[in-house]
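Text of query_33.cif (mmCIF, N, CA, C and O atoms) as supplied:
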```cif
data_work
#
loop_
_atom_site.label_atom_id
_atom_site.label_comp_id
_atom_site.auth_asym_id
_atom_site.auth_seq_id
_atom_site.Cartn_x
_atom_site.Cartn_y
_atom_site.Cartn_z
N MET A 1 0.85 -1.17 0.00
CA MET A 1 0.00 0.00 0.00
C MET A 1 0.90 1.24 0.00
O MET A 1 1.76 1.37 0.86
N PRO A 2 0.71 2.15 -0.93
CA PRO A 2 1.52 3.37 -0.94
C PRO A 2 1.33 4.16 0.35
O PRO A 2 0.24 4.16 0.92
N PRO A 3 2.38 4.85 0.81
CA PRO A 3 2.29 5.58 2.07
C PRO A 3 1.09 6.51 2.18
O PRO A 3 0.47 6.60 3.23
N ALA A 4 0.74 7.19 1.11
CA ALA A 4 -0.39 8.13 1.16
C ALA A 4 -1.71 7.41 1.39
O ALA A 4 -2.66 8.01 1.88
N ASP A 5 -1.77 6.13 1.04
CA ASP A 5 -3.01 5.36 1.19
C ASP A 5 -3.08 4.63 2.52
O ASP A 5 -4.06 3.94 2.77
N GLN A 6 -2.07 4.75 3.35
CA GLN A 6 -2.06 4.03 4.62
C GLN A 6 -2.85 4.80 5.67
O GLN A 6 -2.90 6.03 5.64
N PRO A 7 -3.45 4.07 6.61
CA PRO A 7 -4.20 4.73 7.68
C PRO A 7 -3.27 5.63 8.51
O PRO A 7 -2.07 5.34 8.65
N PRO A 8 -3.82 6.71 9.06
CA PRO A 8 -3.00 7.64 9.84
C PRO A 8 -2.26 6.98 10.99
O PRO A 8 -1.13 7.38 11.31
N TRP A 9 -2.82 5.96 11.61
CA TRP A 9 -2.14 5.34 12.75
C TRP A 9 -0.85 4.64 12.33
O TRP A 9 0.11 4.58 13.10
N ILE A 10 -0.80 4.15 11.11
CA ILE A 10 0.43 3.53 10.61
C ILE A 10 1.49 4.60 10.40
O ILE A 10 2.66 4.43 10.76
N LEU A 11 1.09 5.72 9.82
CA LEU A 11 2.04 6.82 9.61
C LEU A 11 2.56 7.33 10.95
O LEU A 11 3.76 7.61 11.09
N ASP A 12 1.68 7.44 11.95
CA ASP A 12 2.10 7.87 13.29
C ASP A 12 3.09 6.88 13.91
O ASP A 12 4.08 7.29 14.51
N ALA A 13 2.81 5.59 13.75
CA ALA A 13 3.69 4.56 14.31
C ALA A 13 5.05 4.58 13.63
O ALA A 13 6.09 4.41 14.28
N ARG A 14 5.06 4.80 12.32
CA ARG A 14 6.31 4.87 11.58
C ARG A 14 7.16 6.06 12.05
O ARG A 14 8.36 5.94 12.24
N ARG A 15 6.50 7.20 12.26
CA ARG A 15 7.22 8.38 12.76
C ARG A 15 7.76 8.14 14.17
O ARG A 15 8.88 8.54 14.50
N ALA A 16 6.95 7.49 15.02
CA ALA A 16 7.40 7.20 16.39
C ALA A 16 8.60 6.27 16.38
O ALA A 16 9.54 6.45 17.16
N LEU A 17 8.58 5.26 15.53
CA LEU A 17 9.72 4.36 15.40
C LEU A 17 10.96 5.14 14.98
O LEU A 17 12.04 4.99 15.56
N GLY A 18 10.82 5.99 14.00
CA GLY A 18 11.94 6.80 13.53
C GLY A 18 12.48 7.70 14.63
O GLY A 18 13.70 7.85 14.77
N ASP A 19 11.58 8.26 15.42
CA ASP A 19 12.02 9.10 16.54
C ASP A 19 12.83 8.30 17.56
O ASP A 19 13.84 8.78 18.06
N ARG A 20 12.38 7.07 17.85
CA ARG A 20 13.11 6.24 18.80
C ARG A 20 14.49 5.86 18.27
O ARG A 20 15.47 5.86 19.02
N VAL A 21 14.57 5.56 16.98
CA VAL A 21 15.88 5.25 16.39
C VAL A 21 16.79 6.48 16.50
O VAL A 21 17.94 6.37 16.92
N ARG A 22 16.27 7.65 16.14
CA ARG A 22 17.08 8.87 16.18
C ARG A 22 17.57 9.17 17.60
O ARG A 22 18.76 9.47 17.81
N VAL A 23 16.69 9.08 18.58
CA VAL A 23 17.06 9.36 19.97
C VAL A 23 18.15 8.40 20.43
O VAL A 23 19.15 8.81 21.03
N ARG A 24 17.99 7.11 20.14
CA ARG A 24 19.00 6.12 20.53
C ARG A 24 20.32 6.37 19.81
O ARG A 24 21.39 6.24 20.40
N ARG A 25 20.25 6.71 18.54
CA ARG A 25 21.47 6.98 17.77
C ARG A 25 22.22 8.17 18.35
O ARG A 25 23.43 8.12 18.56
N LEU A 26 21.49 9.23 18.64
CA LEU A 26 22.13 10.42 19.21
C LEU A 26 22.67 10.14 20.61
O LEU A 26 23.73 10.66 20.98
N HIS A 27 21.96 9.31 21.38
CA HIS A 27 22.43 8.93 22.71
C HIS A 27 23.78 8.21 22.62
O HIS A 27 24.62 8.33 23.52
N GLN A 28 23.98 7.47 21.54
CA GLN A 28 25.24 6.75 21.32
C GLN A 28 26.28 7.64 20.63
O GLN A 28 27.36 7.17 20.28
N ASN A 29 25.93 8.91 20.41
CA ASN A 29 26.82 9.86 19.72
C ASN A 29 27.22 9.38 18.33
O ASN A 29 28.38 9.51 17.92
N LEU A 30 26.26 8.80 17.63
CA LEU A 30 26.50 8.32 16.27
C LEU A 30 25.83 9.24 15.25
O LEU A 30 24.72 9.72 15.48
N THR A 31 26.50 9.47 14.15
CA THR A 31 25.88 10.16 13.03
C THR A 31 25.11 9.13 12.21
O THR A 31 25.30 7.91 12.36
N GLN A 32 24.26 9.62 11.32
CA GLN A 32 23.59 8.69 10.41
C GLN A 32 24.61 7.97 9.55
O GLN A 32 24.46 6.78 9.28
N GLU A 33 25.65 8.67 9.18
CA GLU A 33 26.69 8.06 8.35
C GLU A 33 27.38 6.91 9.08
O GLU A 33 27.64 5.86 8.50
N ARG A 34 27.68 7.13 10.36
CA ARG A 34 28.37 6.09 11.15
C ARG A 34 27.45 4.89 11.37
O ARG A 34 27.89 3.74 11.26
N LEU A 35 26.18 5.15 11.70
CA LEU A 35 25.23 4.04 11.88
C LEU A 35 25.09 3.26 10.58
O LEU A 35 25.04 2.03 10.59
N ALA A 36 25.06 3.97 9.47
CA ALA A 36 24.98 3.30 8.16
C ALA A 36 26.20 2.41 7.93
O ALA A 36 26.06 1.26 7.50
N ALA A 37 27.38 2.91 8.26
CA ALA A 37 28.60 2.12 8.08
C ALA A 37 28.60 0.89 8.97
O ALA A 37 29.01 -0.19 8.56
N LEU A 38 28.12 1.04 10.20
CA LEU A 38 28.11 -0.09 11.15
C LEU A 38 27.10 -1.16 10.75
O LEU A 38 27.33 -2.34 10.99
N THR A 39 25.98 -0.74 10.17
CA THR A 39 24.91 -1.69 9.85
C THR A 39 24.97 -2.20 8.41
O THR A 39 24.36 -3.22 8.10
N GLY A 40 25.66 -1.46 7.54
CA GLY A 40 25.64 -1.82 6.12
C GLY A 40 24.38 -1.34 5.42
O GLY A 40 24.10 -1.74 4.30
N ILE A 41 23.62 -0.49 6.08
CA ILE A 41 22.40 0.08 5.51
C ILE A 41 22.75 1.46 4.95
O ILE A 41 23.44 2.23 5.59
N ASP A 42 22.28 1.75 3.78
CA ASP A 42 22.56 3.03 3.15
C ASP A 42 22.11 4.19 4.05
O ASP A 42 21.05 4.12 4.67
N ARG A 43 22.90 5.26 4.09
CA ARG A 43 22.58 6.41 4.94
C ARG A 43 21.23 7.01 4.60
O ARG A 43 20.47 7.42 5.46
N SER A 44 20.90 7.05 3.32
CA SER A 44 19.60 7.61 2.93
C SER A 44 18.45 6.76 3.45
O SER A 44 17.38 7.29 3.77
N THR A 45 18.67 5.46 3.58
CA THR A 45 17.64 4.58 4.16
C THR A 45 17.50 4.87 5.65
O THR A 45 16.38 4.94 6.16
N ILE A 46 18.61 5.05 6.35
CA ILE A 46 18.57 5.42 7.77
C ILE A 46 17.79 6.73 7.91
O ILE A 46 16.92 6.87 8.78
N GLN A 47 18.08 7.68 7.05
CA GLN A 47 17.41 8.98 7.08
C GLN A 47 15.90 8.82 6.87
O GLN A 47 15.09 9.43 7.58
N ARG A 48 15.50 7.98 5.91
CA ARG A 48 14.07 7.77 5.64
C ARG A 48 13.38 7.06 6.81
O ARG A 48 12.24 7.38 7.14
N ILE A 49 14.07 6.11 7.43
CA ILE A 49 13.50 5.42 8.60
C ILE A 49 13.30 6.40 9.73
O ILE A 49 12.23 6.47 10.34
N GLU A 50 14.33 7.20 10.02
CA GLU A 50 14.24 8.16 11.12
C GLU A 50 13.18 9.22 10.84
O GLU A 50 12.54 9.71 11.77
N GLY A 51 13.00 9.58 9.60
CA GLY A 51 12.01 10.59 9.25
C GLY A 51 10.60 10.06 9.16
O GLY A 51 9.65 10.82 9.01
N GLY A 52 10.45 8.73 9.27
CA GLY A 52 9.13 8.13 9.18
C GLY A 52 8.61 8.04 7.77
O GLY A 52 7.41 7.86 7.54
N TYR A 53 9.50 8.13 6.79
CA TYR A 53 9.10 8.11 5.38
C TYR A 53 9.17 6.73 4.76
O TYR A 53 8.75 6.55 3.62
N SER A 54 9.72 5.77 5.48
CA SER A 54 9.96 4.46 4.89
C SER A 54 9.66 3.37 5.92
O SER A 54 9.97 3.52 7.10
N ASP A 55 9.06 2.30 5.45
CA ASP A 55 8.89 1.12 6.30
C ASP A 55 10.23 0.40 6.38
O ASP A 55 10.82 0.07 5.36
N ALA A 56 10.70 0.20 7.58
CA ALA A 56 11.96 -0.52 7.77
C ALA A 56 11.71 -2.02 7.66
O ALA A 56 10.70 -2.53 8.15
N LYS A 57 12.63 -2.71 7.04
CA LYS A 57 12.56 -4.17 6.96
C LYS A 57 12.99 -4.74 8.30
O LYS A 57 13.77 -4.13 9.04
N VAL A 58 12.52 -5.92 8.61
CA VAL A 58 12.85 -6.57 9.87
C VAL A 58 14.36 -6.70 10.03
O VAL A 58 14.92 -6.39 11.08
N GLY A 59 15.03 -7.14 8.99
CA GLY A 59 16.48 -7.30 9.06
C GLY A 59 17.18 -5.98 9.34
O GLY A 59 18.15 -5.94 10.10
N GLN A 60 16.68 -4.90 8.75
CA GLN A 60 17.27 -3.59 9.00
C GLN A 60 17.09 -3.19 10.46
O GLN A 60 18.01 -2.68 11.10
N LEU A 61 15.88 -3.42 10.99
CA LEU A 61 15.63 -3.09 12.39
C LEU A 61 16.50 -3.90 13.33
O LEU A 61 16.98 -3.39 14.34
N LEU A 62 16.71 -5.16 13.01
CA LEU A 62 17.58 -6.00 13.83
C LEU A 62 19.01 -5.48 13.82
O LEU A 62 19.66 -5.42 14.87
N LEU A 63 19.51 -5.10 12.65
CA LEU A 63 20.86 -4.53 12.56
C LEU A 63 20.98 -3.21 13.32
O LEU A 63 21.94 -2.99 14.06
N ILE A 64 20.00 -2.35 13.15
CA ILE A 64 20.00 -1.06 13.85
C ILE A 64 19.96 -1.27 15.35
O ILE A 64 20.75 -0.67 16.09
N ALA A 65 19.06 -2.12 15.82
CA ALA A 65 18.95 -2.38 17.25
C ALA A 65 20.26 -2.94 17.81
O ALA A 65 20.70 -2.54 18.89
N HIS A 66 20.87 -3.84 17.08
CA HIS A 66 22.14 -4.43 17.52
C HIS A 66 23.20 -3.35 17.70
O HIS A 66 23.87 -3.30 18.73
N GLU A 67 23.35 -2.49 16.72
CA GLU A 67 24.38 -1.45 16.79
C GLU A 67 24.06 -0.38 17.84
O GLU A 67 24.96 0.22 18.40
N LEU A 68 22.77 -0.17 18.11
CA LEU A 68 22.38 0.81 19.14
C LEU A 68 22.32 0.17 20.53
O LEU A 68 22.01 0.85 21.50
N ARG A 69 22.59 -1.13 20.58
CA ARG A 69 22.61 -1.88 21.84
C ARG A 69 21.27 -1.81 22.59
O ARG A 69 21.22 -1.55 23.79
N VAL A 70 20.20 -2.03 21.82
CA VAL A 70 18.86 -2.10 22.40
C VAL A 70 18.16 -3.31 21.80
O VAL A 70 18.57 -3.84 20.76
N HIS A 71 17.09 -3.74 22.44
CA HIS A 71 16.27 -4.80 21.88
C HIS A 71 15.40 -4.19 20.80
O HIS A 71 14.92 -3.05 20.93
N VAL A 72 15.17 -4.92 19.74
CA VAL A 72 14.34 -4.42 18.65
C VAL A 72 12.95 -4.07 19.19
O VAL A 72 12.31 -3.12 18.70
N ALA A 73 12.48 -4.78 20.20
CA ALA A 73 11.17 -4.47 20.78
C ALA A 73 11.13 -3.06 21.36
O ALA A 73 10.09 -2.41 21.34
N ASP A 74 12.26 -2.58 21.86
CA ASP A 74 12.31 -1.21 22.40
C ASP A 74 12.11 -0.18 21.29
O ASP A 74 11.60 0.92 21.55
N LEU A 75 12.51 -0.50 20.10
CA LEU A 75 12.30 0.41 18.99
C LEU A 75 10.87 0.35 18.47
O LEU A 75 10.35 1.34 17.96
N LEU A 76 10.24 -0.80 18.63
CA LEU A 76 8.90 -1.00 18.06
C LEU A 76 7.75 -0.65 19.01
O LEU A 76 6.64 -0.49 18.55
N ARG A 77 8.03 -0.52 20.27
CA ARG A 77 6.90 -0.31 21.19
C ARG A 77 6.24 1.02 21.01
O ARG A 77 6.65 1.95 20.50
#
```
Would you mind giving the structure from this file in structure tokens?
Amino acid sequence: MPPADQPPWILDARRALGDRVRVRRLHQNLTQERLAALTGIDRSTIQRIEGGYSDAKVGQLLLIAHELRVHVADLLR
């Protein structure tokens, strides 16, 4: 389903997830570029996830959580 066609609660949840990733990343004093290098995920993808513009894949979330030293559930709650 294209993002514009998704229910508002999904868009809100995506933004909240992105906010949690950003807060954790900044807490670890990491730039988007450094997190991208550590995870192997393109920096623009990290940027889209943090901005709530992109659905993150499960594998991406697992890599991000690992590098941020949090459980993936903490990012998804």
Gap from atom N of Ala65 (chain A) to atom O of Val21 (chain A) - Å, one decimal: 8.6 Å
Could you pull out the helix (DSSP H, G or I) residues of region 2-77 of chain A, going by DSSP on the backbone, and write them as an MDAnalysis selection string? chainID A and resid 3:5 8:27 32:39 43:51 58:68 72:76
Can you list what the PyMOL selection byres (((chain A and resi 41-44 and name CA) around 12) and name CA) grabs from this structure, as a PyMOL selection string? chain A and resi 31-40+45-51+53-54+56-57+59-64+67
Report, in Å with one decimal, the straight-line distance from atom C of Asp12 (chain A) to atom N of Leu26 (chain A).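 Value for the atom C of Asp12 (chain A)-atom N of Leu26 (chain A) distance: 19.1 Å.
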For Leu11 (chain A), which residue among A:His66, A:Gly52, A:Val58, A:Val72 is the nearest when counting all atoms listed in the file? A:Gly52
Would you work out the distance separating atom C of Leu68 (chain A) from atom C of Arg22 (chain A), expressed in Å to one decimal?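 Answer for the atom C of Leu68 (chain A) to atom C of Arg22 (chain A) separation: 10.6 Å.
Proximity to Gln28 (chain A) was assessed for A:Asp5, A:Val70, A:Asp55, A:Ala13 counting only C-alpha atoms; the smallest distance is recorded for A:Val70.
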Evaluate the PyMOL selection byres ((chain A and resi 74) around 8) and report residues as a PyMOL selection string: chain A and resi 16-17+20-21+70-73+75-77
Same residues, N, CA, C and O atoms, saved as a PDB file, in the frame of the given file:
```pdb
ATOM      1  N   ALA A  16       6.950   7.490  15.020  1.00  0.00           N
ATOM      2  CA  ALA A  16       7.400   7.200  16.390  1.00  0.00           C
ATOM      3  C   ALA A  16       8.600   6.270  16.380  1.00  0.00           C
ATOM      4  O   ALA A  16       9.540   6.450  17.160  1.00  0.00           O
ATOM      5  N   LEU A  17       8.580   5.260  15.530  1.00  0.00           N
ATOM      6  CA  LEU A  17       9.720   4.360  15.400  1.00  0.00           C
ATOM      7  C   LEU A  17      10.960   5.140  14.980  1.00  0.00           C
ATOM      8  O   LEU A  17      12.040   4.990  15.560  1.00  0.00           O
ATOM      9  N   ARG A  20      12.380   7.070  17.850  1.00  0.00           N
ATOM     10  CA  ARG A  20      13.110   6.240  18.800  1.00  0.00           C
ATOM     11  C   ARG A  20      14.490   5.860  18.270  1.00  0.00           C
ATOM     12  O   ARG A  20      15.470   5.860  19.020  1.00  0.00           O
ATOM     13  N   VAL A  21      14.570   5.560  16.980  1.00  0.00           N
ATOM     14  CA  VAL A  21      15.880   5.250  16.390  1.00  0.00           C
ATOM     15  C   VAL A  21      16.790   6.480  16.500  1.00  0.00           C
ATOM     16  O   VAL A  21      17.940   6.370  16.920  1.00  0.00           O
ATOM     17  N   VAL A  70      20.200  -2.030  21.820  1.00  0.00           N
ATOM     18  CA  VAL A  70      18.860  -2.100  22.400  1.00  0.00           C
ATOM     19  C   VAL A  70      18.160  -3.310  21.800  1.00  0.00           C
ATOM     20  O   VAL A  70      18.570  -3.840  20.760  1.00  0.00           O
ATOM     21  N   HIS A  71      17.090  -3.740  22.440  1.00  0.00           N
ATOM     22  CA  HIS A  71      16.270  -4.800  21.880  1.00  0.00           C
ATOM     23  C   HIS A  71      15.400  -4.190  20.800  1.00  0.00           C
ATOM     24  O   HIS A  71      14.920  -3.050  20.930  1.00  0.00           O
ATOM     25  N   VAL A  72      15.170  -4.920  19.740  1.00  0.00           N
ATOM     26  CA  VAL A  72      14.340  -4.420  18.650  1.00  0.00           C
ATOM     27  C   VAL A  72      12.950  -4.070  19.190  1.00  0.00           C
ATOM     28  O   VAL A  72      12.310  -3.120  18.700  1.00  0.00           O
ATOM     29  N   ALA A  73      12.480  -4.780  20.200  1.00  0.00           N
ATOM     30  CA  ALA A  73      11.170  -4.470  20.780  1.00  0.00           C
ATOM     31  C   ALA A  73      11.130  -3.060  21.360  1.00  0.00           C
ATOM     32  O   ALA A  73      10.090  -2.410  21.340  1.00  0.00           O
ATOM     33  N   LEU A  75      12.510  -0.500  20.100  1.00  0.00           N
ATOM     34  CA  LEU A  75      12.300   0.410  18.990  1.00  0.00           C
ATOM     35  C   LEU A  75      10.870   0.350  18.470  1.00  0.00           C
ATOM     36  O   LEU A  75      10.350   1.340  17.960  1.00  0.00           O
ATOM     37  N   LEU A  76      10.240  -0.800  18.630  1.00  0.00           N
ATOM     38  CA  LEU A  76       8.900  -1.000  18.060  1.00  0.00           C
ATOM     39  C   LEU A  76       7.750  -0.650  19.010  1.00  0.00           C
ATOM     40  O   LEU A  76       6.640  -0.490  18.550  1.00  0.00           O
ATOM     41  N   ARG A  77       8.030  -0.520  20.270  1.00  0.00           N
ATOM     42  CA  ARG A  77       6.900  -0.310  21.190  1.00  0.00           C
ATOM     43  C   ARG A  77       6.240   1.020  21.010  1.00  0.00           C
ATOM     44  O   ARG A  77       6.650   1.950  20.500  1.00  0.00           O
TER      45      ARG A  77
END
```
Where atoms are lacking, region 21-32 of chain A completed to all heavy atoms, as a compact mmCIF listing (two decimals), in the coordinates of the input:
```
# COMPACT_ATOMS: atom_id res chain seq x y z
N VAL A 21 14.57 5.56 16.98
CA VAL A 21 15.88 5.25 16.39
C VAL A 21 16.79 6.48 16.50
O VAL A 21 17.94 6.37 16.92
CB VAL A 21 15.73 4.80 14.91
CG1 VAL A 21 17.10 4.74 14.22
CG2 VAL A 21 15.03 3.45 14.83
N ARG A 22 16.27 7.65 16.14
CA ARG A 22 17.08 8.87 16.18
C ARG A 22 17.57 9.17 17.60
O ARG A 22 18.76 9.47 17.81
CB ARG A 22 16.29 10.07 15.67
CG ARG A 22 17.09 11.37 15.66
CD ARG A 22 16.29 12.58 15.20
NE ARG A 22 15.61 12.35 13.94
CZ ARG A 22 14.29 12.11 13.83
NH1 ARG A 22 13.52 12.07 14.90
NH2 ARG A 22 13.75 11.91 12.65
N VAL A 23 16.69 9.08 18.58
CA VAL A 23 17.06 9.36 19.97
C VAL A 23 18.15 8.40 20.43
O VAL A 23 19.15 8.81 21.03
CB VAL A 23 15.82 9.29 20.89
CG1 VAL A 23 16.23 9.24 22.35
CG2 VAL A 23 14.91 10.47 20.63
N ARG A 24 17.99 7.11 20.14
CA ARG A 24 19.00 6.12 20.53
C ARG A 24 20.32 6.37 19.81
O ARG A 24 21.39 6.24 20.40
CB ARG A 24 18.52 4.70 20.25
CG ARG A 24 17.31 4.28 21.03
CD ARG A 24 17.66 4.11 22.49
NE ARG A 24 16.51 3.60 23.22
CZ ARG A 24 16.60 2.83 24.27
NH1 ARG A 24 17.77 2.45 24.74
NH2 ARG A 24 15.51 2.42 24.88
N ARG A 25 20.25 6.71 18.54
CA ARG A 25 21.47 6.98 17.77
C ARG A 25 22.22 8.17 18.35
O ARG A 25 23.43 8.12 18.56
CB ARG A 25 21.11 7.24 16.30
CG ARG A 25 22.32 7.62 15.46
CD ARG A 25 21.96 7.88 14.01
NE ARG A 25 20.98 8.91 13.79
CZ ARG A 25 21.25 10.23 13.85
NH1 ARG A 25 22.46 10.66 14.13
NH2 ARG A 25 20.29 11.12 13.60
N LEU A 26 21.49 9.23 18.64
CA LEU A 26 22.13 10.42 19.21
C LEU A 26 22.67 10.14 20.61
O LEU A 26 23.73 10.66 20.98
CB LEU A 26 21.14 11.59 19.22
CG LEU A 26 20.74 12.11 17.84
CD1 LEU A 26 19.63 13.14 17.96
CD2 LEU A 26 21.93 12.65 17.09
N HIS A 27 21.96 9.31 21.38
CA HIS A 27 22.43 8.93 22.71
C HIS A 27 23.78 8.21 22.62
O HIS A 27 24.62 8.33 23.52
CB HIS A 27 21.39 8.07 23.41
CG HIS A 27 21.77 7.68 24.80
ND1 HIS A 27 21.76 8.56 25.84
CD2 HIS A 27 22.19 6.50 25.31
CE1 HIS A 27 22.16 7.94 26.95
NE2 HIS A 27 22.42 6.69 26.64
N GLN A 28 23.98 7.47 21.54
CA GLN A 28 25.24 6.75 21.32
C GLN A 28 26.28 7.64 20.63
O GLN A 28 27.36 7.17 20.28
CB GLN A 28 24.99 5.50 20.46
CG GLN A 28 24.10 4.47 21.08
CD GLN A 28 24.78 3.73 22.19
OE1 GLN A 28 26.00 3.61 22.22
NE2 GLN A 28 24.00 3.22 23.13
N ASN A 29 25.93 8.91 20.41
CA ASN A 29 26.82 9.86 19.72
C ASN A 29 27.22 9.38 18.33
O ASN A 29 28.38 9.51 17.92
CB ASN A 29 28.07 10.17 20.56
CG ASN A 29 27.73 10.90 21.83
OD1 ASN A 29 26.93 11.83 21.82
ND2 ASN A 29 28.32 10.48 22.92
N LEU A 30 26.26 8.80 17.63
CA LEU A 30 26.50 8.32 16.27
C LEU A 30 25.83 9.24 15.25
O LEU A 30 24.72 9.72 15.48
CB LEU A 30 25.93 6.90 16.08
CG LEU A 30 26.54 5.78 16.91
CD1 LEU A 30 25.74 4.50 16.72
CD2 LEU A 30 27.98 5.57 16.51
N THR A 31 26.50 9.47 14.15
CA THR A 31 25.88 10.16 13.03
C THR A 31 25.11 9.13 12.21
O THR A 31 25.30 7.91 12.36
CB THR A 31 26.93 10.81 12.12
OG1 THR A 31 27.76 9.76 11.57
CG2 THR A 31 27.78 11.82 12.90
N GLN A 32 24.26 9.62 11.32
CA GLN A 32 23.59 8.69 10.41
C GLN A 32 24.61 7.97 9.55
O GLN A 32 24.46 6.78 9.28
CB GLN A 32 22.60 9.45 9.52
CG GLN A 32 21.36 9.91 10.24
CD GLN A 32 20.41 10.65 9.32
OE1 GLN A 32 20.77 11.10 8.24
NE2 GLN A 32 19.17 10.78 9.77
```
